[in-house]
$ cat entry_0.json   # JSON, C-alpha atoms
[["chain", "number", "residue", "atom", "x", "y", "z"],
["A", 1, "MET", "CA", 4.02, 17.68, 7.93],
["A", 2, "ALA", "CA", 3.84, 19.60, 4.66],
["A", 3, "ILE", "CA", 7.10, 20.66, 3.08],
["A", 4, "THR", "CA", 8.08, 24.33, 3.24],
["A", 5, "GLN", "CA", 10.44, 26.60, 1.33],
["A", 6, "SER", "CA", 13.26, 25.57, 3.67],
["A", 7, "ASP", "CA", 13.01, 22.00, 2.33],
["A", 8, "ILE", "CA", 13.60, 23.19, -1.24],
["A", 9, "ILE", "CA", 17.27, 23.12, -2.27],
["A", 10, "TYR", "CA", 16.82, 24.00, -5.96],
["A", 11, "GLU", "CA", 13.98, 25.26, -8.13],
["A", 12, "ASP", "CA", 13.52, 26.77, -11.57],
["A", 13, "ASN", "CA", 10.77, 26.67, -14.18],
["A", 14, "HIS", "CA", 11.37, 23.02, -15.04],
["A", 15, "ILE", "CA", 12.73, 21.14, -12.01],
["A", 16, "ILE", "CA", 12.49, 21.27, -8.24],
["A", 17, "ALA", "CA", 14.69, 19.46, -5.71],
["A", 18, "VAL", "CA", 13.78, 18.63, -2.11],
["A", 19, "ASN", "CA", 16.01, 17.64, 0.80],
["A", 20, "LYS", "CA", 14.04, 14.58, 1.86],
["A", 21, "LYS", "CA", 13.88, 13.65, 5.54],
["A", 22, "CYS", "CA", 14.30, 10.04, 6.61],
["A", 23, "GLY", "CA", 10.90, 8.41, 7.05],
["A", 24, "GLU", "CA", 9.27, 10.25, 4.16],
["A", 25, "ILE", "CA", 8.07, 8.16, 1.24],
["A", 26, "VAL", "CA", 8.74, 9.48, -2.25],
["A", 27, "GLN", "CA", 5.94, 7.60, -4.00],
["A", 28, "GLY", "CA", 2.69, 6.16, -2.66],
["A", 29, "ASP", "CA", 2.76, 2.65, -1.20],
["A", 30, "LYS", "CA", 0.55, 0.26, 0.74],
["A", 31, "THR", "CA", 0.82, 2.40, 3.91],
["A", 32, "ASP", "CA", -1.35, 5.12, 2.32],
["A", 33, "ASP", "CA", 0.96, 7.74, 3.89],
["A", 34, "LEU", "CA", 1.09, 10.99, 1.94],
["A", 35, "PRO", "CA", 4.03, 10.69, -0.49],
["A", 36, "LEU", "CA", 6.57, 13.42, -1.16],
["A", 37, "VAL", "CA", 5.50, 13.76, -4.79],
["A", 38, "GLU", "CA", 2.04, 14.87, -3.62],
["A", 39, "GLU", "CA", 3.53, 17.22, -1.02],
["A", 40, "VAL", "CA", 5.65, 18.86, -3.72],
["A", 41, "ARG", "CA", 2.62, 19.14, -6.00],
["A", 42, "GLU", "CA", 0.71, 20.89, -3.20],
["A", 43, "PHE", "CA", 3.70, 23.14, -2.44],
["A", 44, "ILE", "CA", 3.81, 24.30, -6.07],
["A", 45, "ARG", "CA", 0.04, 24.88, -6.04],
["A", 46, "ARG", "CA", 0.26, 27.03, -2.89],
["A", 47, "LYS", "CA", 3.40, 28.94, -3.84],
["A", 48, "TYR", "CA", 2.16, 29.98, -7.27],
["A", 49, "ASN", "CA", -1.56, 29.99, -6.51],
["A", 50, "LYS", "CA", -2.22, 27.52, -9.33],
["A", 51, "PRO", "CA", -5.80, 26.36, -9.85],
["A", 52, "GLY", "CA", -6.69, 22.85, -10.96],
["A", 53, "ASN", "CA", -4.19, 20.07, -11.58],
["A", 54, "VAL", "CA", -0.50, 20.84, -11.04],
["A", 55, "PHE", "CA", 2.14, 18.85, -12.92],
["A", 56, "CYS", "CA", 4.75, 17.18, -10.71],
["A", 57, "GLY", "CA", 6.70, 14.35, -12.29],
["A", 58, "LEU", "CA", 8.67, 11.84, -10.27],
["A", 59, "ILE", "CA", 12.18, 11.49, -11.73],
["A", 60, "HIS", "CA", 13.80, 9.07, -9.26],
["A", 61, "ARG", "CA", 13.33, 7.64, -5.77],
["A", 62, "LEU", "CA", 15.04, 7.20, -2.42],
["A", 63, "ASP", "CA", 14.29, 4.46, 0.11],
["A", 64, "ARG", "CA", 12.01, 5.58, 2.94],
["A", 65, "PRO", "CA", 14.68, 5.47, 5.70],
["A", 66, "VAL", "CA", 17.18, 7.47, 3.58],
["A", 67, "SER", "CA", 17.55, 11.27, 3.55],
["A", 68, "GLY", "CA", 18.82, 13.65, 0.89],
["A", 69, "VAL", "CA", 18.22, 15.16, -2.53],
["A", 70, "VAL", "CA", 15.20, 14.07, -4.59],
["A", 71, "LEU", "CA", 14.38, 15.60, -7.99],
["A", 72, "PHE", "CA", 10.94, 16.31, -9.42],
["A", 73, "ALA", "CA", 9.93, 17.70, -12.80],
["A", 74, "LYS", "CA", 7.61, 20.69, -13.07],
["A", 75, "THR", "CA", 7.00, 20.17, -16.80],
["A", 76, "SER", "CA", 6.44, 17.11, -18.97],
["A", 77, "LYS", "CA", 9.33, 18.16, -21.20],
["A", 78, "ALA", "CA", 11.71, 18.17, -18.22],
["A", 79, "LEU", "CA", 10.41, 14.78, -17.04],
["A", 80, "THR", "CA", 11.00, 13.16, -20.44],
["A", 81, "ARG", "CA", 14.50, 14.58, -20.76],
["A", 82, "MET", "CA", 15.51, 13.78, -17.20],
["A", 83, "ASN", "CA", 14.26, 10.21, -17.59],
["A", 84, "LYS", "CA", 16.48, 9.90, -20.66],
["A", 85, "LEU", "CA", 19.50, 11.20, -18.72],
["A", 86, "PHE", "CA", 18.89, 8.54, -16.07],
["A", 87, "ASN", "CA", 18.41, 5.81, -18.66],
["A", 88, "ASP", "CA", 21.60, 6.89, -20.47],
["A", 89, "LYS", "CA", 23.49, 6.95, -17.14],
["A", 90, "LYS", "CA", 24.37, 10.63, -17.54],
["A", 91, "ILE", "CA", 23.52, 11.42, -13.92],
["A", 92, "SER", "CA", 26.20, 11.51, -11.22],
["A", 93, "LYS", "CA", 25.09, 10.83, -7.63],
["A", 94, "LYS", "CA", 27.08, 10.90, -4.40],
["A", 95, "TYR", "CA", 25.93, 9.52, -1.06],
["A", 96, "TRP", "CA", 27.25, 9.79, 2.49],
["A", 97, "ALA", "CA", 26.94, 6.80, 4.80],
["A", 98, "ILE", "CA", 27.85, 6.41, 8.48],
["A", 99, "VAL", "CA", 29.04, 2.92, 9.38],
["A", 100, "LYS", "CA", 30.31, 1.47, 12.65],
["A", 101, "ASP", "CA", 33.21, -0.64, 11.38],
["A", 102, "ARG", "CA", 36.22, 0.56, 9.43],
["A", 103, "PRO", "CA", 36.12, -0.68, 5.81],
["A", 104, "PRO", "CA", 38.82, -3.14, 4.72],
["A", 105, "VAL", "CA", 40.57, -0.37, 2.73],
["A", 106, "GLU", "CA", 39.99, 3.37, 2.78],
["A", 107, "GLU", "CA", 38.99, 3.57, -0.88],
["A", 108, "ASP", "CA", 37.71, 0.85, -3.19],
["A", 109, "THR", "CA", 35.34, -0.06, -6.01],
["A", 110, "LEU", "CA", 32.84, -2.80, -5.17],
["A", 111, "GLU", "CA", 31.62, -5.04, -7.99],
["A", 112, "HIS", "CA", 28.90, -7.55, -7.15],
["A", 113, "TYR", "CA", 25.75, -9.19, -8.44],
["A", 114, "ILE", "CA", 22.59, -8.29, -6.55],
["A", 115, "LEU", "CA", 19.49, -10.43, -6.38],
["A", 116, "LYS", "CA", 16.31, -8.82, -5.10],
["A", 117, "ASN", "CA", 13.89, -10.79, -2.95],
["A", 118, "SER", "CA", 10.57, -8.98, -3.38],
["A", 119, "VAL", "CA", 8.81, -10.98, -0.66],
["A", 120, "LYS", "CA", 11.35, -9.94, 1.98],
["A", 121, "ASN", "CA", 11.99, -6.53, 0.35],
["A", 122, "LYS", "CA", 15.70, -7.23, 0.64],
["A", 123, "SER", "CA", 18.65, -7.61, -1.73],
["A", 124, "TYR", "CA", 21.34, -10.29, -1.55],
["A", 125, "VAL", "CA", 24.91, -9.80, -2.73],
["A", 126, "TYR", "CA", 26.97, -12.36, -4.63],
["A", 127, "ASP", "CA", 30.49, -12.37, -6.06],
["A", 128, "TYR", "CA", 29.23, -14.30, -9.09],
["A", 129, "GLU", "CA", 26.27, -14.01, -11.43],
["A", 130, "LYS", "CA", 23.10, -15.81, -10.43],
["A", 131, "LYS", "CA", 19.84, -16.17, -12.31],
["A", 132, "ASN", "CA", 17.94, -12.84, -12.32],
["A", 133, "SER", "CA", 20.78, -11.04, -10.50],
["A", 134, "LYS", "CA", 22.05, -7.67, -11.73],
["A", 135, "ARG", "CA", 25.62, -6.40, -11.88],
["A", 136, "SER", "CA", 26.14, -3.66, -9.28],
["A", 137, "SER", "CA", 29.00, -1.24, -8.90],
["A", 138, "LEU", "CA", 29.96, 1.60, -6.57],
["A", 139, "THR", "CA", 33.10, 3.35, -5.39],
["A", 140, "TYR", "CA", 33.56, 4.47, -1.81],
["A", 141, "LYS", "CA", 36.19, 6.45, 0.06],
["A", 142, "MET", "CA", 36.48, 7.08, 3.75],
["A", 143, "MET", "CA", 35.98, 10.75, 4.65],
["A", 144, "TYR", "CA", 35.92, 10.54, 8.45],
["A", 145, "GLY", "CA", 36.91, 8.12, 11.16],
["A", 146, "SER", "CA", 36.72, 8.01, 14.96],
["A", 147, "ASN", "CA", 36.77, 5.38, 17.68],
["A", 148, "ASN", "CA", 33.07, 4.71, 17.10],
["A", 149, "TYR", "CA", 32.00, 5.55, 13.54],
["A", 150, "TYR", "CA", 33.24, 6.09, 10.00],
["A", 151, "MET", "CA", 31.74, 8.19, 7.24],
["A", 152, "LEU", "CA", 32.04, 7.01, 3.64],
["A", 153, "GLU", "CA", 31.38, 8.97, 0.46],
["A", 154, "ILE", "CA", 29.90, 6.78, -2.25],
["A", 155, "ASP", "CA", 29.80, 7.23, -6.03],
["A", 156, "LEU", "CA", 26.96, 5.10, -7.31],
["A", 157, "HIS", "CA", 27.59, 3.60, -10.76],
["A", 158, "THR", "CA", 24.42, 1.49, -10.97],
["A", 159, "GLY", "CA", 21.04, 1.94, -9.34],
["A", 160, "ARG", "CA", 19.93, -1.37, -7.86],
["A", 161, "HIS", "CA", 17.43, -2.14, -5.11],
["A", 162, "HIS", "CA", 19.04, -1.33, -1.72],
["A", 163, "GLN", "CA", 22.40, -1.39, -3.49],
["A", 164, "ILE", "CA", 24.50, 0.75, -1.15],
["A", 165, "ARG", "CA", 22.98, -0.85, 1.94],
["A", 166, "ALA", "CA", 23.57, -4.38, 0.68],
["A", 167, "GLN", "CA", 27.05, -3.86, -0.77],
["A", 168, "LEU", "CA", 28.43, -2.06, 2.29],
["A", 169, "ALA", "CA", 26.99, -4.77, 4.53],
["A", 170, "SER", "CA", 28.72, -7.38, 2.37],
["A", 171, "ILE", "CA", 32.15, -5.94, 3.30],
["A", 172, "GLY", "CA", 31.29, -5.83, 7.01],
["A", 173, "CYS", "CA", 30.12, -2.20, 7.10],
["A", 174, "PRO", "CA", 26.33, -2.10, 7.62],
["A", 175, "ILE", "CA", 24.94, 1.42, 7.77],
["A", 176, "LYS", "CA", 24.11, 2.80, 11.20],
["A", 177, "GLY", "CA", 20.49, 2.00, 12.09],
["A", 178, "ASP", "CA", 19.99, -0.46, 9.22],
["A", 179, "LEU", "CA", 18.63, -3.53, 11.00],
["A", 180, "LYS", "CA", 17.67, -5.17, 7.71],
["A", 181, "TYR", "CA", 21.32, -5.36, 6.66],
["A", 182, "GLY", "CA", 22.94, -6.28, 9.92],
["A", 183, "PHE", "CA", 23.35, -3.20, 12.10],
["A", 184, "PRO", "CA", 22.59, -4.28, 15.68],
["A", 185, "ARG", "CA", 20.47, -1.30, 16.79],
["A", 186, "SER", "CA", 17.83, 0.92, 15.23],
["A", 187, "ASN", "CA", 18.03, 4.71, 15.21],
["A", 188, "LYS", "CA", 15.59, 6.62, 17.38],
["A", 189, "ASN", "CA", 13.99, 8.23, 14.32],
["A", 190, "GLY", "CA", 13.57, 4.88, 12.56],
["A", 191, "GLY", "CA", 15.80, 5.95, 9.68],
["A", 192, "ILE", "CA", 19.27, 4.90, 8.64],
["A", 193, "ASP", "CA", 22.38, 7.07, 8.31],
["A", 194, "LEU", "CA", 22.48, 7.09, 4.52],
["A", 195, "HIS", "CA", 22.20, 10.51, 2.89],
["A", 196, "ALA", "CA", 21.90, 11.36, -0.81],
["A", 197, "ARG", "CA", 24.45, 14.15, -0.72],
["A", 198, "SER", "CA", 24.50, 15.47, -4.30],
["A", 199, "ILE", "CA", 23.33, 14.98, -7.86],
["A", 200, "GLU", "CA", 24.93, 16.36, -11.05],
["A", 201, "PHE", "CA", 23.47, 16.47, -14.56],
["A", 202, "GLU", "CA", 22.96, 18.63, -17.63],
["A", 203, "HIS", "CA", 19.90, 20.83, -17.21],
["A", 204, "PRO", "CA", 17.06, 19.45, -19.36],
["A", 205, "THR", "CA", 16.35, 22.76, -21.11],
["A", 206, "LYS", "CA", 19.25, 25.13, -20.39],
["A", 207, "LYS", "CA", 21.85, 22.47, -21.27],
["A", 208, "GLU", "CA", 24.07, 23.79, -18.49],
["A", 209, "PRO", "CA", 25.80, 21.65, -15.85],
["A", 210, "ILE", "CA", 23.86, 21.57, -12.58],
["A", 211, "LYS", "CA", 25.03, 20.30, -9.20],
["A", 212, "ILE", "CA", 22.54, 20.15, -6.34],
["A", 213, "ILE", "CA", 23.84, 19.53, -2.82],
["A", 214, "ALA", "CA", 21.67, 18.45, 0.11],
["A", 215, "PRO", "CA", 22.86, 19.42, 3.62],
["A", 216, "PRO", "CA", 22.96, 16.38, 5.93],
["A", 217, "PRO", "CA", 20.43, 16.09, 8.79],
["A", 218, "ILE", "CA", 22.50, 18.10, 11.30],
["A", 219, "LYS", "CA", 19.72, 18.05, 13.90],
["A", 220, "ASP", "CA", 21.27, 14.66, 14.59],
["A", 221, "ASN", "CA", 24.36, 15.31, 16.74],
["A", 222, "LEU", "CA", 26.46, 12.61, 15.06],
["A", 223, "TRP", "CA", 25.82, 14.05, 11.59],
["A", 224, "LYS", "CA", 26.49, 17.52, 12.97],
["A", 225, "ASP", "CA", 29.88, 16.52, 14.40],
["A", 226, "ILE", "CA", 30.93, 14.65, 11.28],
["A", 227, "PHE", "CA", 29.79, 17.48, 8.98],
["A", 228, "LYS", "CA", 31.97, 19.93, 10.92],
["A", 229, "SER", "CA", 34.95, 17.63, 10.46],
["A", 230, "VAL", "CA", 34.64, 17.10, 6.71],
["A", 231, "GLU", "CA", 33.60, 20.57, 5.55]]

$ encode --input "entry_0.json" --output "structure tokens"
Amino acid sequence: MAITQSDIIYEDNHIIAVNKKCGEIVQGDKTDDLPLVEEVREFIRRKYNKPGNVFCGLIHRLDRPVSGVVLFAKTSKALTRMNKLFNDKKISKKYWAIVKDRPPVEEDTLEHYILKNSVKNKSYVYDYEKKNSKRSSLTYKMMYGSNNYYMLEIDLHTGRHHQIRAQLASIGCPIKGDLKYGFPRSNKNGGIDLHARSIEFEHPTKKEPIKIIAPPPIKDNLWKDIFKSVE
């Protein structure tokens, strides 16, 4: 289904942000499913009645089963500058994750080494450096707890393959629906309960601080209940 104005959570002359649904792919892959970057390109073409090629630059990605904010550039200048912000680690991202088991402590920083297995499309976590592994760091804090589920807010310090999924699983807290990392059951929608909640950065042309917040998927009753409790 094509994206609509309701999917857009920020837009100006240089950047556009979409609240991605779980199951959508950001960039084309071997499935040949229509990627979000092409949907955004078509949205811009329709909205502004642009003929010919429309520029839409991919700034970063989210895993297919993850929901939340994804940024795209509407100009080449914005794409170049946003890429530099990411490379210089001047982007702040927060995620929300629903897990079944209470974490060992309510707030902690996790430092690991992650090794990606491309054949299995899975990352493995180690407490020590291994050949080709990459240092990985995040901070989490518990925002909600019940008899059944817990919601964690995560500050991501590094951007590794499946980092949040793998690191949370390593402390006994696999994300709800994430069969690949040890959760026992899949979600009905095939996604996992990991949501890219917000992203903060200096605007590439205005040089002003920007914070973009993506509402969680509250059509899901669990997200809806948790969102009411934490807001």

$ closest_residue --input "entry_0.json" --among "A:Asn83, A:Pro204, A:Asn148, A:Arg197" --to "Asn13 of chain A" --atoms "only C-alpha atoms"
A:Pro204

$ closest_residue --input "entry_0.json" --among "A:Thr109, A:Ser170, A:Ser67, A:Ser133" --to "Leu194 of chain A" --atoms "only C-alpha atoms"
A:Ser67

$ closest_residue --input "entry_0.json" --among "A:Leu79, A:Val18, A:Met151, A:Leu179" --to "Ala214 of chain A" --atoms "all atoms listed in the file"
A:Val18

$ closest_residue --input "entry_0.json" --among "A:Lys93, A:Lys131, A:Lys100, A:His60" --to "Asn147 of chain A" --atoms "only C-alpha atoms"
A:Lys100

$ atom_distance --input "entry_0.json" --atom1 "atom CA of Leu152 of chain A" --atom2 "atom CA of Val70 of chain A"
20.0 Å

$ residues_around --input "entry_0.json" --residues "Glu39 of chain A" --least-positions-apart "4" --cutoff "7 Å" --atoms "all atoms listed in the file" --output "PyMOL selection string"
chain A and resi 2-3+35+43

$ write_last_selection --input "entry_0.json" --atoms "C-alpha atoms" --output "compact mmCIF listing (two decimals), keeping the file's coordinate frame"
# COMPACT_ATOMS: atom_id res chain seq x y z
CA ALA A 2 3.84 19.60 4.66
CA ILE A 3 7.10 20.66 3.08
CA PRO A 35 4.03 10.69 -0.49
CA PHE A 43 3.70 23.14 -2.44

$ residues_around --input "entry_0.json" --residues "Arg45 of chain A" --least-positions-apart "5" --cutoff "8 Å" --atoms "all atoms listed in the file" --output "PyMOL selection string"
chain A and resi 50-51+54

$ build_atoms --input "entry_0.json" --residues "segment 152-165 of chain A" --atoms "N, CA and C atoms" --output "PDB file, in the frame of the given file"
ATOM      1  N   LEU A 152      31.578   7.330   4.980  1.00  0.00           N
ATOM      2  CA  LEU A 152      32.040   7.010   3.640  1.00  0.00           C
ATOM      3  C   LEU A 152      31.291   7.874   2.624  1.00  0.00           C
ATOM      4  N   GLU A 153      32.021   8.320   1.601  1.00  0.00           N
ATOM      5  CA  GLU A 153      31.380   8.970   0.460  1.00  0.00           C
ATOM      6  C   GLU A 153      31.313   7.956  -0.670  1.00  0.00           C
ATOM      7  N   ILE A 154      30.143   7.835  -1.276  1.00  0.00           N
ATOM      8  CA  ILE A 154      29.900   6.780  -2.250  1.00  0.00           C
ATOM      9  C   ILE A 154      29.518   7.376  -3.592  1.00  0.00           C
ATOM     10  N   ASP A 155      30.212   6.948  -4.643  1.00  0.00           N
ATOM     11  CA  ASP A 155      29.800   7.230  -6.030  1.00  0.00           C
ATOM     12  C   ASP A 155      29.048   6.010  -6.529  1.00  0.00           C
ATOM     13  N   LEU A 156      27.800   6.212  -6.884  1.00  0.00           N
ATOM     14  CA  LEU A 156      26.960   5.100  -7.310  1.00  0.00           C
ATOM     15  C   LEU A 156      27.006   4.965  -8.829  1.00  0.00           C
ATOM     16  N   HIS A 157      27.470   3.822  -9.317  1.00  0.00           N
ATOM     17  CA  HIS A 157      27.590   3.600 -10.760  1.00  0.00           C
ATOM     18  C   HIS A 157      26.363   2.910 -11.344  1.00  0.00           C
ATOM     19  N   THR A 158      25.661   2.145 -10.546  1.00  0.00           N
ATOM     20  CA  THR A 158      24.420   1.490 -10.970  1.00  0.00           C
ATOM     21  C   THR A 158      23.365   1.749  -9.914  1.00  0.00           C
ATOM     22  N   GLY A 159      22.113   1.643 -10.288  1.00  0.00           N
ATOM     23  CA  GLY A 159      21.040   1.940  -9.340  1.00  0.00           C
ATOM     24  C   GLY A 159      20.185   0.721  -9.054  1.00  0.00           C
ATOM     25  N   ARG A 160      20.665  -0.148  -8.189  1.00  0.00           N
ATOM     26  CA  ARG A 160      19.930  -1.370  -7.860  1.00  0.00           C
ATOM     27  C   ARG A 160      19.173  -1.224  -6.544  1.00  0.00           C
ATOM     28  N   HIS A 161      18.230  -2.138  -6.338  1.00  0.00           N
ATOM     29  CA  HIS A 161      17.430  -2.140  -5.110  1.00  0.00           C
ATOM     30  C   HIS A 161      18.327  -2.293  -3.882  1.00  0.00           C
ATOM     31  N   HIS A 162      18.262  -1.305  -2.975  1.00  0.00           N
ATOM     32  CA  HIS A 162      19.040  -1.330  -1.720  1.00  0.00           C
ATOM     33  C   HIS A 162      20.543  -1.538  -1.962  1.00  0.00           C
ATOM     34  N   GLN A 163      21.033  -1.054  -3.094  1.00  0.00           N
ATOM     35  CA  GLN A 163      22.400  -1.390  -3.490  1.00  0.00           C
ATOM     36  C   GLN A 163      23.464  -0.979  -2.482  1.00  0.00           C
ATOM     37  N   ILE A 164      23.461   0.284  -2.077  1.00  0.00           N
ATOM     38  CA  ILE A 164      24.500   0.750  -1.150  1.00  0.00           C
ATOM     39  C   ILE A 164      24.402   0.007   0.172  1.00  0.00           C
ATOM     40  N   ARG A 165      23.195  -0.165   0.662  1.00  0.00           N
ATOM     41  CA  ARG A 165      22.980  -0.850   1.940  1.00  0.00           C
ATOM     42  C   ARG A 165      23.518  -2.275   1.880  1.00  0.00           C
TER      43      ARG A 165
END
